[in-house]
file model02.txt (compact mmCIF, C-alpha atoms and all ligand atoms)
# COMPACT_ATOMS: atom_id res chain seq x y z
CA MET R 1148 109.06 126.05 83.25
CA SER R 1149 111.87 128.55 82.89
CA VAL R 1150 111.97 131.86 84.71
CA ARG R 1151 110.28 134.54 82.67
CA ARG R 1152 111.68 138.02 82.98
CA LEU R 1153 110.86 141.37 81.42
CA SER R 1154 112.91 142.40 78.44
CA PRO R 1155 115.90 144.64 79.28
CA ASN R 1156 114.85 146.80 76.33
CA GLN R 1157 111.72 148.69 77.31
CA PRO R 1158 109.86 151.56 75.63
CA ALA R 1159 109.66 154.87 77.49
CA SER R 1160 105.88 154.72 77.81
CA PHE R 1161 102.67 152.93 76.93
CA ALA R 1162 99.24 154.29 76.06
CA PHE R 1163 96.01 152.49 75.28
CA SER R 1164 94.65 153.17 71.81
CA PRO R 1165 91.03 154.41 71.91
CA GLU R 1166 89.82 151.01 70.60
CA THR R 1167 91.81 149.06 73.20
CA LYS R 1168 90.63 151.37 75.97
CA GLU R 1169 87.03 150.89 74.95
CA LYS R 1170 87.42 147.09 75.02
CA ALA R 1171 89.22 147.26 78.36
CA GLU R 1172 86.36 149.28 79.85
CA TRP R 1173 83.91 146.68 78.53
CA TRP R 1174 85.85 143.92 80.31
CA ILE R 1175 85.96 145.90 83.53
CA SER R 1176 82.19 146.45 83.35
CA LYS R 1177 81.61 142.68 83.35
CA PHE R 1178 82.72 142.37 86.96
CA PRO R 1179 80.99 143.59 90.13
CA ALA R 1180 82.11 146.87 91.67
CA GLY R 1181 85.35 146.41 93.57
CA ARG R 1182 86.25 143.30 91.53
CA GLN R 1183 87.64 145.09 88.50
CA GLN R 1184 91.00 143.37 89.03
CA SER R 1185 89.38 140.24 87.61
CA ALA R 1186 89.81 141.85 84.19
CA VAL R 1187 93.60 141.77 84.40
CA ILE R 1188 94.12 138.81 82.05
CA PRO R 1189 91.84 140.00 79.21
CA ILE R 1190 93.28 143.51 79.49
CA LEU R 1191 96.86 142.24 79.31
CA TRP R 1192 95.76 140.26 76.28
CA LEU R 1193 94.33 143.44 74.72
CA VAL R 1194 97.65 145.16 75.37
CA GLN R 1195 99.42 142.33 73.60
CA LYS R 1196 97.03 142.56 70.65
CA GLN R 1197 97.80 146.28 70.42
CA GLU R 1198 101.57 146.19 70.85
CA GLY R 1199 102.51 142.61 69.99
CA TRP R 1200 103.96 142.14 73.50
CA VAL R 1201 103.58 143.28 77.11
CA SER R 1202 106.08 145.90 78.17
CA GLU R 1203 106.92 147.14 81.65
CA PRO R 1204 105.22 150.55 81.06
CA ALA R 1205 102.13 148.66 79.89
CA ILE R 1206 102.11 146.64 83.11
CA ARG R 1207 102.24 149.88 85.13
CA THR R 1208 99.39 151.34 83.06
CA VAL R 1209 97.21 148.25 83.52
CA ALA R 1210 97.88 148.29 87.26
CA GLU R 1211 96.84 151.93 87.43
CA LEU R 1212 93.68 151.26 85.42
CA LEU R 1213 92.63 148.38 87.66
CA GLY R 1214 93.78 149.86 90.95
CA MET R 1215 96.19 146.98 91.49
CA ALA R 1216 99.70 146.82 92.86
CA GLN R 1217 102.10 146.74 89.92
CA ILE R 1218 103.73 143.60 91.31
CA ARG R 1219 100.39 141.75 91.01
CA VAL R 1220 100.08 142.59 87.31
CA LEU R 1221 103.74 141.68 86.81
CA GLU R 1222 103.09 138.31 88.47
CA VAL R 1223 100.24 137.56 86.07
CA ALA R 1224 102.18 138.66 82.99
CA THR R 1225 105.25 136.62 83.91
CA PHE R 1226 103.28 133.51 84.98
CA TYR R 1227 101.25 132.95 81.82
CA THR R 1228 103.39 132.01 78.85
CA MET R 1229 100.80 133.38 76.43
CA PHE R 1230 102.07 136.85 77.34
CA MET R 1231 105.14 137.81 75.36
CA LEU R 1232 107.60 139.80 77.43
CA GLU R 1233 109.77 141.10 74.63
CA PRO R 1234 109.08 142.46 71.15
CA VAL R 1235 108.02 139.80 68.66
CA GLY R 1236 108.49 139.74 64.91
CA SER R 1237 106.80 142.45 62.90
CA HIS R 1238 105.47 139.83 60.45
CA ALA R 1239 104.88 136.69 62.53
CA LEU R 1240 105.06 135.09 65.93
CA VAL R 1241 105.66 131.40 65.24
CA GLN R 1242 104.91 128.80 67.92
CA VAL R 1243 105.90 125.27 66.93
CA CYS R 1244 104.42 122.42 68.94
CA GLY R 1245 107.18 120.09 70.12
CA THR R 1246 105.06 117.63 72.12
CA THR R 1247 105.18 113.88 71.40
CA PRO R 1248 102.41 113.47 68.75
CA CYS R 1249 103.82 116.37 66.74
CA ALA R 1250 107.41 115.18 67.38
CA LEU R 1251 106.50 111.73 66.01
CA ARG R 1252 105.14 113.38 62.85
CA GLY R 1253 108.09 115.65 62.10
CA ALA R 1254 108.02 118.60 64.50
CA ASN R 1255 111.74 118.27 65.12
CA ASP R 1256 112.33 119.02 61.44
CA LEU R 1257 110.15 122.14 61.73
CA ILE R 1258 112.09 123.22 64.81
CA ALA R 1259 115.42 122.68 63.02
CA HIS R 1260 114.05 124.75 60.14
CA CYS R 1261 113.07 127.59 62.48
CA LYS R 1262 116.60 127.62 63.90
CA LYS R 1263 118.03 127.76 60.41
CA ARG R 1264 115.62 130.29 58.93
CA ILE R 1265 114.73 132.51 61.90
CA GLY R 1266 117.56 131.97 64.38
CA PRO R 1267 117.71 130.88 68.03
CA LYS R 1268 114.37 130.34 69.67
CA ASP R 1269 112.89 133.07 71.86
CA HIS R 1270 114.75 135.79 69.98
CA LEU R 1271 113.87 138.16 67.20
CA SER R 1272 115.17 137.25 63.78
CA ALA R 1273 117.99 139.42 62.44
CA ASP R 1274 115.57 141.28 60.15
CA GLY R 1275 113.06 141.78 62.97
CA LYS R 1276 110.29 140.01 61.00
CA PHE R 1277 110.01 136.75 62.92
CA TYR R 1278 110.16 135.37 66.42
CA TRP R 1279 109.70 131.70 67.17
CA GLN R 1280 109.11 129.52 70.20
CA GLU R 1281 108.76 125.83 70.89
CA VAL R 1282 105.52 125.24 72.82
CA GLU R 1283 103.62 122.36 74.36
CA CYS R 1284 100.57 120.64 72.84
CA MET R 1285 98.07 123.07 71.38
CA GLY R 1286 95.30 120.50 71.06
CA ALA R 1287 95.56 119.90 67.31
CA CYS R 1288 97.45 116.60 67.61
CA SER R 1289 95.33 114.84 64.99
CA ASN R 1290 96.73 117.23 62.39
CA ALA R 1291 100.33 116.99 63.58
CA PRO R 1292 102.80 118.46 63.10
CA MET R 1293 101.49 121.95 63.52
CA ALA R 1294 102.44 125.49 64.40
CA ALA R 1295 100.47 128.52 65.51
CA ILE R 1296 101.41 131.61 63.59
CA ASP R 1297 100.05 134.71 65.32
CA ASP R 1298 96.48 133.71 66.21
CA TYR R 1299 95.93 130.79 63.85
CA TYR R 1300 96.87 127.14 63.41
CA TYR R 1301 98.78 125.77 60.42
CA GLU R 1302 98.61 121.99 60.36
CA ASP R 1303 99.88 118.86 58.59
CA LEU R 1304 103.11 120.70 57.92
CA THR R 1305 106.25 119.55 56.20
CA VAL R 1306 109.43 121.59 56.12
CA GLU R 1307 108.57 122.58 52.56
CA SER R 1308 104.98 123.69 53.24
CA PHE R 1309 106.08 125.42 56.45
CA ASP R 1310 108.81 127.29 54.60
CA ALA R 1311 106.35 128.39 51.92
CA ILE R 1312 103.97 129.69 54.60
CA LEU R 1313 106.81 131.64 56.23
CA ASP R 1314 107.68 133.10 52.81
CA GLU R 1315 104.13 134.37 52.51
CA PHE R 1316 104.23 135.95 55.98
CA ALA R 1317 107.58 137.56 55.13
CA ALA R 1318 105.98 139.04 52.01
CA GLY R 1319 103.14 140.43 54.13
CA LYS R 1320 100.57 138.09 52.56
CA PRO R 1321 99.69 135.56 55.25
CA ARG R 1322 98.15 132.35 53.98
CA ALA R 1323 94.73 131.29 55.25
CA PRO R 1324 95.17 128.99 58.25
CA GLY R 1325 94.33 125.29 58.32
CA SER R 1326 95.68 122.04 56.99
CA ALA R 1327 98.52 122.23 54.47
CA ILE R 1328 97.17 119.08 52.81
CA GLY R 1329 93.57 120.20 52.62
CA ARG R 1330 92.36 117.93 55.39
CA GLN R 1331 88.77 118.68 56.41
CA GLY R 1332 88.89 119.76 60.06
CA ALA R 1333 90.35 116.86 62.03
CA ALA R 1334 88.95 114.18 59.69
CA PRO R 1335 91.23 111.28 58.74
CA ASP R 1336 93.93 111.94 56.17
CA GLY R 1337 92.17 111.39 52.82
CA GLY R 1338 88.72 112.46 53.94
CA PRO R 1339 86.00 111.59 56.43
CA LEU R 1340 85.30 107.87 56.91
CA THR R 1341 82.19 108.16 59.05
CA LEU R 1342 78.95 110.17 58.93
CA SER R 1343 79.40 110.43 55.17
CA ASP R 1344 75.86 109.34 54.14
CA PRO R 1345 74.20 112.41 52.54
CA SER R 1346 70.80 111.29 53.88
CA LEU R 1347 72.05 112.25 57.33
CA TYR R 1348 71.96 115.87 56.27
CA ASP R 1349 69.13 116.22 53.71
CA GLY R 1350 66.24 115.72 56.15
CA SER R 1351 65.01 112.49 54.49
CA ARG R 1352 65.53 110.53 57.68
CA ALA R 1353 63.46 112.88 59.79
CA LYS R 1354 60.34 111.27 61.27
CA PRO R 1355 57.42 113.00 62.91
CA ILE R 1356 57.61 112.92 66.68
CA LYS R 1357 54.51 111.27 68.12
CA SER R 1358 55.16 112.16 71.68
CA LEU R 1359 57.80 114.11 73.48
CA PRO R 1360 59.98 112.22 75.92
CA ASN R 1361 59.25 113.18 79.54
CA ALA R 1362 56.02 114.93 78.52
CA PRO R 1363 53.23 114.64 81.11
CA LYS R 1364 51.10 111.55 80.55
CA PRO R 1365 47.68 112.37 79.03
CA SER R 1366 44.90 112.10 81.56
CA LYS R 1367 42.62 109.10 81.29
CA GLY R 1368 40.26 109.38 78.36
CA ALA R 1369 42.16 112.27 76.75
CA LYS R 1370 43.13 111.77 73.13
CA GLU R 1371 46.79 111.79 72.20
CA GLU R 1372 47.90 114.88 70.29
CA PRO R 1373 47.92 114.04 66.58
CA ALA R 1374 51.32 113.96 64.92
CA SER R 1375 51.81 117.01 62.73
S1 LIG Q 1401 101.06 117.34 70.31
FE1 LIG Q 1401 101.16 118.96 68.91
S2 LIG Q 1401 99.16 119.79 68.96
FE2 LIG Q 1401 99.09 118.19 70.40
call {"tool": "encode", "arguments": {"input": "model02.txt", "output": "structure tokens"}}
result
Amino acid sequence: MSVRRLSPNQPASFAFSPETKEKAEWWISKFPAGRQQSAVIPILWLVQKQEGWVSEPAIRTVAELLGMAQIRVLEVATFYTMFMLEPVGSHALVQVCGTTPCALRGANDLIAHCKKRIGPKDHLSADGKFYWQEVECMGACSNAPMAAIDDYYYEDLTVESFDAILDEFAAGKPRAPGSAIGRQGAAPDGGPLTLSDPSLYDGSRAKPIKSLPNAPKPSKGAKEEPAS
């Protein structure tokens, strides 16, 4: 893992929005008195949701809120790669999975396309709209290759479908997430091959239960409860 440093370009200040502050207080209230520092990760995440990234003034503000040394909050923010340490694109943060299953299904072409369309990885695009990263497996290997754009997964991508999705983000009209080929969840390409019998879902296979497993045995002479 590479060293993660704060951006040299920092805002003068940071302030919680009322909504973010309310959520931060809720997180703090989940922990016992004196343990409020346990809320540092969700609060940094709230900061990132508010600003798009975690700035140095934000780290100071979070430390003050939680009564922590600033260096401790800095350590958390720089350790976890989910925290962005410099401004990200105004329209999309693109994270392309480059791990083996995605690489075998064309991720390298998506990465080459990001370089061509957005620019070098881990930098803002020239127009400030996009920022892209190569990341490790995001657990959607069955629908490889895939990319997370902001908070959602876009799967079964080709360069063409990926480019069209980026066009929509650039136009401010993000496409609904999911498979670019209409795959249902993580079912096989072409549709589910198992559990496809409708009778599994219409209740016709349901049978009355005569006795519950592990129920106490009826005492001698007692009649068994009739099936309803
Ligand atoms: S390898 Fe890409 S999501 Fe798992």
call {"tool": "residues_around", "arguments": {"input": "model02.txt", "residues": "Ser1289 of chain R", "least_positions_apart": "4", "cutoff": "9 Å", "atoms": "all atoms listed in the file", "output": "ChimeraX atom specification"}}
result
/R:1248-1249,1303,1333-1335
call {"tool": "closest_residue", "arguments": {"input": "model02.txt", "among": "R:Ala1186, R:Glu1169, R:Lys1276, R:Arg1151", "to": "Met1231 of chain R", "atoms": "only C-alpha atoms"}}
result
R:Arg1151
call {"tool": "atom_distance", "arguments": {"input": "model02.txt", "atom1": "atom CA of Val1209 of chain R", "atom2": "atom CA of Ala1171 of chain R"}}
result
9.6 Å
call {"tool": "closest_residue", "arguments": {"input": "model02.txt", "among": "R:Glu1222, R:Asp1298, R:Pro1267, R:Leu1212", "to": "Lys1196 of chain R", "atoms": "only C-alpha atoms"}}
result
R:Asp1298
call {"tool": "closest_residue", "arguments": {"input": "model02.txt", "among": "R:Pro1165, R:Ile1188, R:Ala1159, R:Val1223", "to": "Glu1203 of chain R", "atoms": "only C-alpha atoms"}}
result
R:Ala1159
call {"tool": "closest_atom_pairs", "arguments": {"input": "model02.txt", "of": "chain R", "to": "ligand LIG 1401 (chain Q)", "cutoff": "6 Å", "atoms": "all atoms listed in the file", "output": "tab-separated table"}}
result
residue	atom	partner	partner_atom	distance
R:Cys1244	CA	Q:LIG1401	FE1	4.8
R:Thr1246	CA	Q:LIG1401	S1	4.4
R:Thr1247	CA	Q:LIG1401	S1	5.5
R:Pro1248	CA	Q:LIG1401	S1	4.4
R:Cys1249	CA	Q:LIG1401	FE1	4.3
R:Cys1284	CA	Q:LIG1401	FE2	3.8
R:Met1285	CA	Q:LIG1401	S2	4.2
R:Gly1286	CA	Q:LIG1401	S2	4.5
R:Ala1287	CA	Q:LIG1401	S2	4.0
R:Cys1288	CA	Q:LIG1401	FE2	3.6
R:Ala1291	CA	Q:LIG1401	FE1	5.7
call {"tool": "residues_around", "arguments": {"input": "model02.txt", "residues": "Pro1321 of chain R", "least_positions_apart": "5", "cutoff": "12 Å", "atoms": "only C-alpha atoms", "output": "mmCIF file with C-alpha atoms, keeping the file's coordinate frame"}}
result
data_model
loop_
_atom_site.group_PDB
_atom_site.id
_atom_site.type_symbol
_atom_site.label_atom_id
_atom_site.label_comp_id
_atom_site.auth_asym_id
_atom_site.auth_seq_id
_atom_site.Cartn_x
_atom_site.Cartn_y
_atom_site.Cartn_z
ATOM 1 C CA HIS R 1238 105.470 139.830 60.450
ATOM 2 C CA ALA R 1239 104.880 136.690 62.530
ATOM 3 C CA LEU R 1240 105.060 135.090 65.930
ATOM 4 C CA ILE R 1296 101.410 131.610 63.590
ATOM 5 C CA ASP R 1297 100.050 134.710 65.320
ATOM 6 C CA ASP R 1298 96.480 133.710 66.210
ATOM 7 C CA TYR R 1299 95.930 130.790 63.850
ATOM 8 C CA TYR R 1301 98.780 125.770 60.420
ATOM 9 C CA ALA R 1311 106.350 128.390 51.920
ATOM 10 C CA ILE R 1312 103.970 129.690 54.600
ATOM 11 C CA LEU R 1313 106.810 131.640 56.230
ATOM 12 C CA ASP R 1314 107.680 133.100 52.810
ATOM 13 C CA GLU R 1315 104.130 134.370 52.510
ATOM 14 C CA PHE R 1316 104.230 135.950 55.980
#
call {"tool": "atom_distance", "arguments": {"input": "model02.txt", "atom1": "atom CA of Glu1198 of chain R", "atom2": "atom CA of Lys1262 of chain R"}}
result
24.9 Å
call {"tool": "residues_around", "arguments": {"input": "model02.txt", "residues": "Val1243 of chain R", "least_positions_apart": "2", "cutoff": "6 Å", "atoms": "all atoms listed in the file", "output": "ChimeraX atom specification"}}
result
/R:1281-1282,1294
